[in-house]
$ cat run-v1.pdb   # PDB, C-alpha atoms
MODEL        1
ATOM      1  CA  MET A  17     -30.829 -27.662  37.405
ATOM      2  CA  SER A  18     -32.454 -24.948  39.464
ATOM      3  CA  ARG A  19     -32.788 -26.209  43.037
ATOM      4  CA  ILE A  20     -36.281 -24.771  43.338
ATOM      5  CA  GLY A  21     -37.309 -25.573  39.761
ATOM      6  CA  LYS A  22     -36.460 -29.266  39.886
ATOM      7  CA  LYS A  23     -38.572 -29.973  42.980
ATOM      8  CA  PRO A  24     -41.955 -31.416  41.949
ATOM      9  CA  ILE A  25     -45.091 -29.792  43.380
ATOM     10  CA  ASN A  26     -47.402 -32.125  45.315
ATOM     11  CA  ILE A  27     -51.088 -31.703  44.515
ATOM     12  CA  PRO A  28     -53.197 -32.006  47.698
ATOM     13  CA  SER A  29     -56.528 -33.820  47.654
ATOM     14  CA  GLY A  30     -59.410 -31.668  46.444
ATOM     15  CA  VAL A  31     -57.183 -29.625  44.106
ATOM     16  CA  THR A  32     -57.249 -30.070  40.318
ATOM     17  CA  VAL A  33     -54.612 -28.701  37.930
ATOM     18  CA  ASP A  34     -55.200 -28.150  34.186
ATOM     19  CA  VAL A  35     -52.461 -27.202  31.725
ATOM     20  CA  SER A  36     -53.779 -25.866  28.404
ATOM     21  CA  ALA A  37     -51.982 -26.291  25.065
ATOM     22  CA  HIS A  38     -51.068 -22.580  24.865
ATOM     23  CA  GLY A  39     -49.386 -22.583  28.319
ATOM     24  CA  THR A  40     -52.042 -21.510  30.813
ATOM     25  CA  VAL A  41     -52.058 -23.290  34.169
ATOM     26  CA  THR A  42     -55.427 -23.351  35.995
ATOM     27  CA  VAL A  43     -55.567 -24.505  39.616
ATOM     28  CA  LYS A  44     -58.976 -25.207  41.195
ATOM     29  CA  GLY A  45     -59.457 -25.965  44.861
ATOM     30  CA  PRO A  46     -61.899 -25.673  47.753
ATOM     31  CA  LYS A  47     -61.135 -21.952  48.235
ATOM     32  CA  GLY A  48     -61.305 -20.847  44.579
ATOM     33  CA  THR A  49     -59.616 -20.851  41.178
ATOM     34  CA  LEU A  50     -56.362 -19.233  40.033
ATOM     35  CA  THR A  51     -54.803 -19.041  36.554
ATOM     36  CA  GLN A  52     -51.257 -18.243  35.416
ATOM     37  CA  ASP A  53     -49.850 -17.793  31.901
ATOM     38  CA  VAL A  54     -46.541 -19.640  31.545
ATOM     39  CA  ASN A  55     -43.750 -18.686  29.125
ATOM     40  CA  PRO A  56     -43.887 -20.952  26.016
ATOM     41  CA  ASP A  57     -40.274 -22.079  26.630
ATOM     42  CA  ILE A  58     -41.112 -23.611  30.016
ATOM     43  CA  GLN A  59     -42.982 -26.936  30.060
ATOM     44  CA  VAL A  60     -45.482 -27.801  32.790
ATOM     45  CA  LYS A  61     -46.699 -31.401  33.103
ATOM     46  CA  VAL A  62     -49.071 -33.077  35.549
ATOM     47  CA  GLU A  63     -47.708 -36.530  36.437
ATOM     48  CA  GLY A  64     -50.021 -38.380  38.807
ATOM     49  CA  SER A  65     -50.358 -36.266  41.954
ATOM     50  CA  GLU A  66     -47.374 -34.042  41.117
ATOM     51  CA  ILE A  67     -46.673 -31.067  38.866
ATOM     52  CA  VAL A  68     -43.280 -31.100  37.135
ATOM     53  CA  VAL A  69     -41.796 -27.929  35.622
ATOM     54  CA  SER A  70     -38.958 -28.338  33.077
ATOM     55  CA  ARG A  71     -36.826 -26.071  30.852
ATOM     56  CA  PRO A  72     -35.337 -26.648  27.380
ATOM     57  CA  THR A  73     -31.763 -25.312  27.831
ATOM     58  CA  GLU A  74     -29.293 -24.277  30.525
ATOM     59  CA  SER A  75     -29.293 -20.587  29.509
ATOM     60  CA  LYS A  76     -29.471 -18.026  32.322
ATOM     61  CA  ARG A  77     -32.915 -16.821  31.180
ATOM     62  CA  HIS A  78     -34.385 -20.337  31.138
ATOM     63  CA  LYS A  79     -32.885 -21.100  34.565
ATOM     64  CA  SER A  80     -34.475 -18.008  36.114
ATOM     65  CA  LEU A  81     -37.874 -18.650  34.471
ATOM     66  CA  HIS A  82     -37.752 -22.286  35.616
ATOM     67  CA  GLY A  83     -37.575 -21.416  39.317
ATOM     68  CA  LEU A  84     -39.996 -18.500  38.914
ATOM     69  CA  TYR A  85     -42.853 -20.510  37.393
ATOM     70  CA  ARG A  86     -42.341 -23.396  39.807
ATOM     71  CA  SER A  87     -42.712 -20.956  42.730
ATOM     72  CA  LEU A  88     -45.744 -19.221  41.185
ATOM     73  CA  ILE A  89     -47.557 -22.531  40.565
ATOM     74  CA  ASN A  90     -46.683 -23.763  44.076
ATOM     75  CA  ASN A  91     -48.098 -20.527  45.559
ATOM     76  CA  MET A  92     -51.300 -21.071  43.564
ATOM     77  CA  VAL A  93     -51.671 -24.658  44.846
ATOM     78  CA  ILE A  94     -51.150 -23.562  48.462
ATOM     79  CA  GLY A  95     -53.513 -20.600  47.971
ATOM     80  CA  VAL A  96     -56.489 -22.614  46.680
ATOM     81  CA  SER A  97     -56.030 -25.342  49.310
ATOM     82  CA  THR A  98     -55.154 -23.465  52.545
ATOM     83  CA  GLY A  99     -55.095 -19.754  51.593
ATOM     84  CA  TYR A 100     -52.867 -16.927  52.770
ATOM     85  CA  LYS A 101     -53.139 -14.522  55.682
ATOM     86  CA  LYS A 102     -51.259 -11.335  56.579
ATOM     87  CA  ASP A 103     -51.627  -9.437  59.861
ATOM     88  CA  LEU A 104     -50.642  -5.789  60.258
ATOM     89  CA  GLU A 105     -50.597  -3.797  63.480
ATOM     90  CA  LEU A 106     -50.810  -0.027  63.964
ATOM     91  CA  VAL A 107     -48.341   1.221  66.577
ATOM     92  CA  GLY A 108     -48.846   4.797  67.722
ATOM     93  CA  VAL A 109     -51.068   6.962  69.901
ATOM     94  CA  GLY A 110     -54.426   7.612  68.255
ATOM     95  CA  TYR A 111     -53.833   5.249  65.305
ATOM     96  CA  LYS A 112     -57.122   3.553  64.380
ATOM     97  CA  ALA A 113     -58.390   1.138  61.752
ATOM     98  CA  SER A 114     -61.980   0.287  60.825
ATOM     99  CA  ASN A 115     -63.755  -1.086  57.785
ATOM    100  CA  GLN A 116     -67.144  -0.933  56.093
ATOM    101  CA  GLY A 117     -67.189  -3.905  53.729
ATOM    102  CA  GLN A 118     -64.128  -3.660  51.460
ATOM    103  CA  VAL A 119     -63.300  -0.041  52.377
ATOM    104  CA  LEU A 120     -60.552   0.346  54.982
ATOM    105  CA  GLU A 121     -60.486   3.573  57.017
ATOM    106  CA  LEU A 122     -57.196   4.451  58.684
ATOM    107  CA  SER A 123     -56.306   7.231  61.113
ATOM    108  CA  LEU A 124     -52.504   7.397  61.091
ATOM    109  CA  GLY A 125     -51.720  10.738  62.707
ATOM    110  CA  TYR A 126     -52.298  12.828  59.595
ATOM    111  CA  SER A 127     -54.770  15.715  59.478
ATOM    112  CA  HIS A 128     -57.170  13.504  57.502
ATOM    113  CA  SER A 129     -58.430   9.922  57.507
ATOM    114  CA  ILE A 130     -57.232   7.593  54.745
ATOM    115  CA  PHE A 131     -59.869   5.553  52.900
ATOM    116  CA  MET A 132     -58.630   2.593  50.870
ATOM    117  CA  ALA A 133     -60.805   0.345  48.690
ATOM    118  CA  LEU A 134     -59.557  -3.248  48.679
ATOM    119  CA  PRO A 135     -60.095  -5.796  45.882
ATOM    120  CA  ASN A 136     -62.982  -8.260  46.284
ATOM    121  CA  GLU A 137     -60.570 -11.244  46.232
ATOM    122  CA  ILE A 138     -59.302 -10.252  49.692
ATOM    123  CA  SER A 139     -61.323 -10.561  52.894
ATOM    124  CA  LEU A 140     -60.639  -7.776  55.370
ATOM    125  CA  LYS A 141     -61.037  -7.789  59.127
ATOM    126  CA  THR A 142     -60.110  -5.062  61.604
ATOM    127  CA  GLU A 143     -60.091  -5.323  65.379
ATOM    128  CA  THR A 144     -59.042  -3.089  68.242
ATOM    129  CA  PRO A 145     -58.415  -5.202  71.371
ATOM    130  CA  LYS A 146     -58.521  -3.205  74.608
ATOM    131  CA  GLY A 147     -55.074  -2.114  75.715
ATOM    132  CA  LYS A 148     -53.382  -3.384  72.541
ATOM    133  CA  ASN A 149     -52.577  -2.038  69.080
ATOM    134  CA  PRO A 150     -55.261  -2.100  66.342
ATOM    135  CA  LEU A 151     -54.932  -5.092  63.987
ATOM    136  CA  ILE A 152     -55.711  -5.450  60.268
ATOM    137  CA  THR A 153     -56.095  -9.014  58.934
ATOM    138  CA  LEU A 154     -56.001  -9.730  55.192
ATOM    139  CA  GLU A 155     -56.980 -13.179  53.905
ATOM    140  CA  GLY A 156     -57.228 -14.583  50.379
ATOM    141  CA  ILE A 157     -55.957 -17.147  47.881
ATOM    142  CA  ASP A 158     -53.606 -14.964  45.804
ATOM    143  CA  LYS A 159     -50.259 -14.547  47.600
ATOM    144  CA  GLU A 160     -49.049 -11.817  45.238
ATOM    145  CA  LEU A 161     -52.202  -9.707  45.658
ATOM    146  CA  ILE A 162     -52.196 -10.002  49.470
ATOM    147  CA  GLY A 163     -48.528  -9.017  49.626
ATOM    148  CA  GLN A 164     -49.110  -6.053  47.326
ATOM    149  CA  VAL A 165     -52.095  -4.744  49.335
ATOM    150  CA  ALA A 166     -50.275  -5.269  52.659
ATOM    151  CA  ALA A 167     -47.218  -3.393  51.339
ATOM    152  CA  LYS A 168     -49.450  -0.530  50.151
ATOM    153  CA  ILE A 169     -51.118  -0.251  53.594
ATOM    154  CA  ARG A 170     -47.682  -0.348  55.270
ATOM    155  CA  SER A 171     -46.346   2.374  52.954
ATOM    156  CA  LEU A 172     -49.027   4.816  54.187
ATOM    157  CA  ARG A 173     -47.053   5.221  57.455
ATOM    158  CA  LYS A 174     -43.776   3.297  57.554
ATOM    159  CA  VAL A 175     -42.272   2.401  60.914
ATOM    160  CA  GLU A 176     -39.827   5.040  62.081
ATOM    161  CA  PRO A 177     -36.674   3.924  63.937
ATOM    162  CA  TYR A 178     -36.792   6.273  66.969
ATOM    163  CA  LYS A 179     -40.135   5.509  68.614
ATOM    164  CA  GLY A 180     -41.197   2.541  66.456
ATOM    165  CA  LYS A 181     -44.467   4.197  65.427
ATOM    166  CA  GLY A 182     -46.196   3.226  62.177
ATOM    167  CA  VAL A 183     -47.814   0.299  60.386
ATOM    168  CA  ARG A 184     -45.907  -2.972  60.695
ATOM    169  CA  PHE A 185     -46.429  -6.672  60.094
ATOM    170  CA  VAL A 186     -47.157  -8.690  63.254
ATOM    171  CA  GLY A 187     -43.858 -10.120  64.470
ATOM    172  CA  GLU A 188     -41.716  -7.727  62.389
ATOM    173  CA  GLN A 189     -38.456  -6.696  64.045
ATOM    174  CA  VAL A 190     -37.840  -2.938  63.871
ATOM    175  CA  ARG A 191     -34.281  -1.618  64.089
ATOM    176  CA  ARG A 192     -34.240   1.090  66.702
ATOM    177  CA  LYS A 193     -31.885   4.056  66.851
ATOM    178  CA  ALA A 194     -30.749   6.075  69.849
ATOM    179  CA  GLY A 195     -32.072   9.623  69.996
ATOM    180  CA  LYS A 196     -30.068  12.810  70.363
ATOM    181  CA  THR A 197     -27.671  13.136  73.236
ATOM    182  CA  ALA A 198     -26.618  16.387  74.899
ATOM    183  CA  GLY A 199     -23.155  17.528  73.811
ATOM    184  CA  LYS A 200     -20.351  18.637  76.170
ATOM    185  CA  LYS A 201     -19.615  22.383  76.479
TER     186      LYS A 201
ENDMDL
END

$ encode --input "run-v1.pdb" --output "structure tokens"
Amino acid sequence: MSRIGKKPINIPSGVTVDVSAHGTVTVKGPKGTLTQDVNPDIQVKVEGSEIVVSRPTESKRHKSLHGLYRSLINNMVIGVSTGYKKDLELVGVGYKASNQGQVLELSLGYSHSIFMALPNEISLKTETPKGKNPLITLEGIDKELIGQVAAKIRSLRKVEPYKGKGVRFVGEQVRRKAGKTAGKK
């Protein structure tokens, strides 16, 4: 059995899980509702306060789908109960971040400002503490969507290895390189 796939998912209080006949899992919780279509080969059952995911055969495809859908359903349960949060920081002189509603405005050292419209499922907060780097905070219930948006923001100015300037996740370790050294004559 898949090590991840065979672990049952605990359903916290206040969260309800519905599995339809045609393989759609709906998770409702205090923060919202998420749905996921599941491959017809994979079976999802709600047993008491646990969700059990099972597969029909030991083929490589079924093994990989087993762990995948268990992880996706677990992420949905965590999302609707506690939610997800990603923090990004802008490292560099003159780098700024501000927002008007769901539109993020970034100044990342280019000749122009970058405007990025974010989906309504994500709540956006920007702050610029005095003497520190500007911070962007993304919060929501869909782990995949938050990760995708955070990766897109990060890709606008990736961290470079010489000075460490760019957009990075808070707590991310950046591999630094030594600069040029003068050669002997």

$ resolve_selection --input "run-v1.pdb" --expression "the PyMOL selection byres ((chain A and resi 35) around 12)" --output "number ranges by chain"
A: 32-34, 36-44, 51-54, 59-63, 67-69, 89

$ resolve_selection --input "run-v1.pdb" --expression "the PyMOL selection byres ((chain A and resi 103-106) around 7)" --output "list in words"
Lys101, Lys102, Val107, Gly108, Tyr111, Asn149, Pro150, Leu151, Ile152, Thr153, Leu154, Gly182, Val183, Arg184, Phe185 and Val186 of chain A

$ axis_aligned_box --input "run-v1.pdb" --around "segment 53-67 of chain A" --padding-each-side "8 Å" --output "JSON"
{"center_x": -45.3, "center_y": -28.1, "center_z": 34.0, "size_x": 26.1, "size_y": 36.6, "size_z": 31.9}

$ residues_around --input "run-v1.pdb" --residues "segment 74-77 of chain A" --least-positions-apart "2" --cutoff "12 Å" --atoms "all atoms listed in the file" --output "list in words"
Met17, Ser18, Asn55, Asp57, Ile58, Ser70, Arg71, Pro72, Lys79, Ser80, Leu81, His82, Gly83 and Leu84 of chain A

$ residues_near_point --input "run-v1.pdb" --point "(-59.6, 4.5, 63.6)" --cutoff "9 Å" --atoms "all atoms listed in the file" --output "ChimeraX atom specification"
/A:110-114,121-124,129,144,150

$ atom_distance --input "run-v1.pdb" --atom1 "atom CA of Ile25 of chain A" --atom2 "atom CA of Gly187 of chain A"
28.9 Å

$ atom_distance --input "run-v1.pdb" --atom1 "atom CA of Gly30 of chain A" --atom2 "atom CA of Thr49 of chain A"
12.0 Å

$ build_atoms --input "run-v1.pdb" --residues "segment 59-71 of chain A" --atoms "N, CA and C atoms" --output "compact mmCIF listing (two decimals), keeping the file's coordinate frame"
# COMPACT_ATOMS: atom_id res chain seq x y z
N GLN A 59 -41.97 -25.88 30.16
CA GLN A 59 -42.98 -26.94 30.06
C GLN A 59 -43.51 -27.29 31.45
N VAL A 60 -44.84 -27.40 31.54
CA VAL A 60 -45.48 -27.80 32.79
C VAL A 60 -46.27 -29.07 32.50
N LYS A 61 -46.00 -30.13 33.29
CA LYS A 61 -46.70 -31.40 33.10
C LYS A 61 -47.29 -31.85 34.43
N VAL A 62 -48.47 -32.48 34.36
CA VAL A 62 -49.07 -33.08 35.55
C VAL A 62 -48.82 -34.58 35.46
N GLU A 63 -48.04 -35.10 36.42
CA GLU A 63 -47.71 -36.53 36.44
C GLU A 63 -48.25 -37.13 37.73
N GLY A 64 -49.39 -37.80 37.63
CA GLY A 64 -50.02 -38.38 38.81
C GLY A 64 -50.49 -37.29 39.75
N SER A 65 -49.97 -37.29 40.98
CA SER A 65 -50.36 -36.27 41.95
C SER A 65 -49.25 -35.23 42.13
N GLU A 66 -48.45 -35.02 41.06
CA GLU A 66 -47.37 -34.04 41.12
C GLU A 66 -47.35 -33.19 39.86
N ILE A 67 -46.89 -31.96 40.00
CA ILE A 67 -46.67 -31.07 38.87
C ILE A 67 -45.17 -30.95 38.68
N VAL A 68 -44.71 -31.18 37.44
CA VAL A 68 -43.28 -31.10 37.14
C VAL A 68 -43.06 -29.96 36.14
N VAL A 69 -42.14 -29.05 36.48
CA VAL A 69 -41.80 -27.93 35.62
C VAL A 69 -40.41 -28.20 35.05
N SER A 70 -40.26 -28.07 33.70
CA SER A 70 -38.96 -28.34 33.08
C SER A 70 -38.62 -27.23 32.09
N ARG A 71 -37.31 -27.11 31.77
CA ARG A 71 -36.83 -26.07 30.85
C ARG A 71 -36.04 -26.72 29.71
